[in-house]
Amino acid sequence: MGLPSLRAAAWALRRACGPWTPRLGPRLLCLPPMAGNGEAPVPVGTQQEQDRKGRRGWQGTARIWEETEQQAKKLKSSEDGEQHRKLPKRKVVLLVAYSGKGYHGMQRNVGSSKFKTIEDDLVSALVRSGCIPENHGEDMRKMSFQRCARTDKGVSAAGQVVSLKVWLIDDLLEKINSHLPSHIRILGLKRVTGGFNSKNKCDARTYFYMLPTFAFAHKDHDAQDETYRLQAETLGRVNRLLACYRGTHNFHNFTSQKGPREPSARRYILDMFCEEPFVREGMEFAVIKVKGQSFMTHQIRKMVGLVVAVVKGYAPESVLERCWGEAKVDVPKAPGLGLVLERVHFEKYNQRFGHDGLHEPLDWAREEAEVAAFKEQHIYPTIISTERHERSMAQWLSTLPVHDFSATAHAAAGPGTKVPRALEGSDGDGGSD
């Protein structure tokens, strides 16, 4: 029953009760005088009964009005809740940037508060901003949450993309960011198709690895500290070695828990190169960029680590070729500090939906200035400051001599041991999308 109907019922009941006052109660009913009796009419019931009936009539009417008011309040509250539930809930993607220092990776560990992740802070901000229900924060599957890349412990991102369903409330980005620490920012939001999955729809991912250039200083005849400056000849050799990763290869030696015959160990690298060095706070740095369809755990850090070992003179160049075979090769893993997810790519999605008049292409061109500002404010300073104070690269470089780059599973097996036949076509095909 709506509010107008309740009010009408109350007024009808009041009219049925007749005139009344709080003191006198309802109008008294009188009997006509009896025949032959000239006395005045006598009221029905005693005065006490009449007063009791009067009070009962007043209390009944007051109760009707109280119930009517309660019904009105309940109706208004229900309408407010219904209005919140009727907010459009749509599939969107968020462009996320964060500094990974102090976090145990991107992916949330449900039920574990010991290791804090980026998604712990992100989901908490989504709930507190009011764009998802609280139970969606407890079970992320309810909001169809998916990250584009699962970054490791200490790894940062300038262009991570997550997809999820949210209520499109006003000032959504501002409200989410107001509940996030300054080193985690939502830089953009775009509507996508209902079945969009940021991980499955991603064609490629671009990472960069920032490291001090003394990592390329030869172990025998170069300075091993921040006074070192990268020469053009050494940079050319670095890029020649990095180019060996291009194409499709069997990267089982660049990750853990992957056998040489597992199809998932084969990955396609579109490009990998080192940019010109630059100086920050008196120390020279360089940035290695790599673009690939997908990467396995620790793959990029091992790709960088092996090239550094070769350039410094700890490993022969031939070790790169041996890594594609089935033999197990000892590949060092560079520190996680300098690794940053820079960008994710959705070329096929953009071709199909980016210009359909309903959806925007996922290229984030308008957000490039904010991305660059975040890197300058939070990512680069963290890498530089941490390297200066903790010397993570210098400490890791001191472990390279303990690696045996000539040892393989073939040598360890000994004579007479049957070794599995190498995979055919494990070399890069040099193709492109």
# chains A, B, ... in the order shown; residues from 1 in each chain; ligands from 1

call {"tool": "residues_around", "arguments": {"residues": "A:Phe405", "least_positions_apart": "4", "cutoff": "7 Å", "atoms": "only C-alpha atoms", "output": "PyMOL selection string"}}
result
chain A and resi 315+329-330

call {"tool": "write_last_selection", "arguments": {"atoms": "all heavy atoms", "output": "compact mmCIF listing (two decimals), in the first residue's frame"}}
result
# COMPACT_ATOMS: atom_id res chain seq x y z
N ALA A 315 79.81 -15.48 -18.19
CA ALA A 315 79.23 -16.55 -19.00
C ALA A 315 79.55 -16.31 -20.48
O ALA A 315 79.63 -15.16 -20.92
CB ALA A 315 77.72 -16.61 -18.79
N VAL A 329 69.97 -25.24 -17.64
CA VAL A 329 71.06 -24.26 -17.57
C VAL A 329 70.87 -23.40 -16.33
O VAL A 329 69.75 -22.99 -16.00
CB VAL A 329 71.09 -23.38 -18.84
CG1 VAL A 329 72.20 -22.34 -18.74
CG2 VAL A 329 71.29 -24.24 -20.08
N ASP A 330 71.95 -23.10 -15.65
CA ASP A 330 71.92 -22.27 -14.45
C ASP A 330 71.80 -20.80 -14.86
O ASP A 330 72.78 -20.18 -15.27
CB ASP A 330 73.19 -22.51 -13.63
CG ASP A 330 73.18 -21.75 -12.30
OD1 ASP A 330 72.11 -21.23 -11.93
OD2 ASP A 330 74.24 -21.68 -11.65

call {"tool": "select_by_dssp", "arguments": {"residues": "stretch 168-327 of chain A", "states": "strand (DSSP E or B)", "output": "ChimeraX atom specification"}}
result
/A:184-191,204-212,247-250,266-274,278-280,283-292

call {"tool": "residues_around", "arguments": {"residues": "stretch 227-244 of chain A", "least_positions_apart": "6", "cutoff": "6 Å", "atoms": "only C-alpha atoms", "output": "compact mmCIF listing (two decimals) with N, CA, C and O atoms, in the first residue's frame"}}
result
# COMPACT_ATOMS: atom_id res chain seq x y z
N PHE A 214 76.50 0.22 -14.05
CA PHE A 214 77.68 -0.55 -13.63
C PHE A 214 77.38 -2.05 -13.62
O PHE A 214 78.30 -2.86 -13.47
N MET A 272 62.96 -6.58 -27.70
CA MET A 272 63.70 -6.36 -26.45
C MET A 272 64.94 -5.55 -26.77
O MET A 272 65.73 -5.94 -27.65
N PHE A 273 65.13 -4.44 -26.07
CA PHE A 273 66.26 -3.56 -26.36
C PHE A 273 66.56 -2.70 -25.14
O PHE A 273 65.74 -2.55 -24.24
N CYS A 274 67.75 -2.09 -25.14
CA CYS A 274 68.19 -1.20 -24.07
C CYS A 274 68.29 0.22 -24.60
O CYS A 274 68.89 0.46 -25.65

call {"tool": "closest_residue", "arguments": {"among": "A:Ile300, A:Leu211, A:Met106, A:Val319", "to": "A:Pro277", "atoms": "only C-alpha atoms"}}
result
A:Leu211

call {"tool": "closest_residue", "arguments": {"among": "A:Lys116, A:Arg150, A:Arg343, A:Lys165", "to": "A:His136", "atoms": "only C-alpha atoms"}}
result
A:Lys165

call {"tool": "atom_distance", "arguments": {"atom1": "atom CA of A:Gly137", "atom2": "atom CA of A:Gly154"}}
result
23.6 Å

call {"tool": "closest_residue", "arguments": {"among": "A:Gln395, A:Asn197, A:Ser144, A:Thr213", "to": "A:Val311", "atoms": "only C-alpha atoms"}}
result
A:Thr213

call {"tool": "closest_residue", "arguments": {"among": "A:Ile169, A:Leu87, A:Met303, A:Ala215", "to": "A:Ala394", "atoms": "only C-alpha atoms"}}
result
A:Ala215

call {"tool": "closest_atom_pairs", "arguments": {"of": "stretch 298-324 of chain A", "to": "stretch 286-294 of chain A", "cutoff": "12 Å", "atoms": "only C-alpha atoms", "output": "JSON lines"}}
result
{"residue": "A:His298", "atom": "CA", "partner": "A:Ser294", "partner_atom": "CA", "distance": 12.0}
{"residue": "A:Gln299", "atom": "CA", "partner": "A:Ser294", "partner_atom": "CA", "distance": 9.9}
{"residue": "A:Ile300", "atom": "CA", "partner": "A:Val290", "partner_atom": "CA", "distance": 8.1}
{"residue": "A:Arg301", "atom": "CA", "partner": "A:Ile288", "partner_atom": "CA", "distance": 10.9}
{"residue": "A:Met303", "atom": "CA", "partner": "A:Val290", "partner_atom": "CA", "distance": 9.9}
{"residue": "A:Val304", "atom": "CA", "partner": "A:Ile288", "partner_atom": "CA", "distance": 8.3}
{"residue": "A:Gly305", "atom": "CA", "partner": "A:Ile288", "partner_atom": "CA", "distance": 11.7}
{"residue": "A:Val307", "atom": "CA", "partner": "A:Ile288", "partner_atom": "CA", "distance": 11.1}
{"residue": "A:Val308", "atom": "CA", "partner": "A:Ile288", "partner_atom": "CA", "distance": 11.5}

call {"tool": "write_last_selection", "arguments": {"atoms": "N, CA, C and O atoms", "output": "compact mmCIF listing (two decimals), in the first residue's frame"}}
result
# COMPACT_ATOMS: atom_id res chain seq x y z
N HIS A 298 59.21 -14.84 -13.08
CA HIS A 298 60.65 -14.57 -13.04
C HIS A 298 61.29 -14.59 -14.43
O HIS A 298 62.52 -14.43 -14.53
N GLN A 299 60.52 -14.74 -15.50
CA GLN A 299 61.12 -14.87 -16.83
C GLN A 299 61.94 -13.64 -17.22
O GLN A 299 63.09 -13.77 -17.68
N ILE A 300 61.38 -12.46 -17.06
CA ILE A 300 62.08 -11.25 -17.50
C ILE A 300 63.33 -11.02 -16.65
O ILE A 300 64.40 -10.67 -17.17
N ARG A 301 63.23 -11.24 -15.35
CA ARG A 301 64.38 -11.03 -14.48
C ARG A 301 65.51 -11.99 -14.83
O ARG A 301 66.70 -11.63 -14.74
N MET A 303 65.95 -13.26 -17.93
CA MET A 303 66.43 -12.82 -19.24
C MET A 303 67.44 -11.69 -19.07
O MET A 303 68.50 -11.68 -19.73
N VAL A 304 67.14 -10.75 -18.19
CA VAL A 304 68.07 -9.65 -17.91
C VAL A 304 69.32 -10.20 -17.21
O VAL A 304 70.46 -9.84 -17.56
N GLY A 305 69.12 -11.07 -16.24
CA GLY A 305 70.24 -11.60 -15.47
C GLY A 305 71.27 -12.33 -16.32
O GLY A 305 72.48 -12.18 -16.12
N VAL A 307 71.90 -11.90 -19.60
CA VAL A 307 72.63 -10.94 -20.45
C VAL A 307 73.67 -10.19 -19.63
O VAL A 307 74.81 -9.98 -20.08
N VAL A 308 73.32 -9.80 -18.42
CA VAL A 308 74.29 -9.13 -17.55
C VAL A 308 75.48 -10.05 -17.27
O VAL A 308 76.65 -9.62 -17.32

call {"tool": "atom_distance", "arguments": {"atom1": "atom CA of A:Pro316", "atom2": "atom CA of A:Pro332"}}
result
13.7 Å
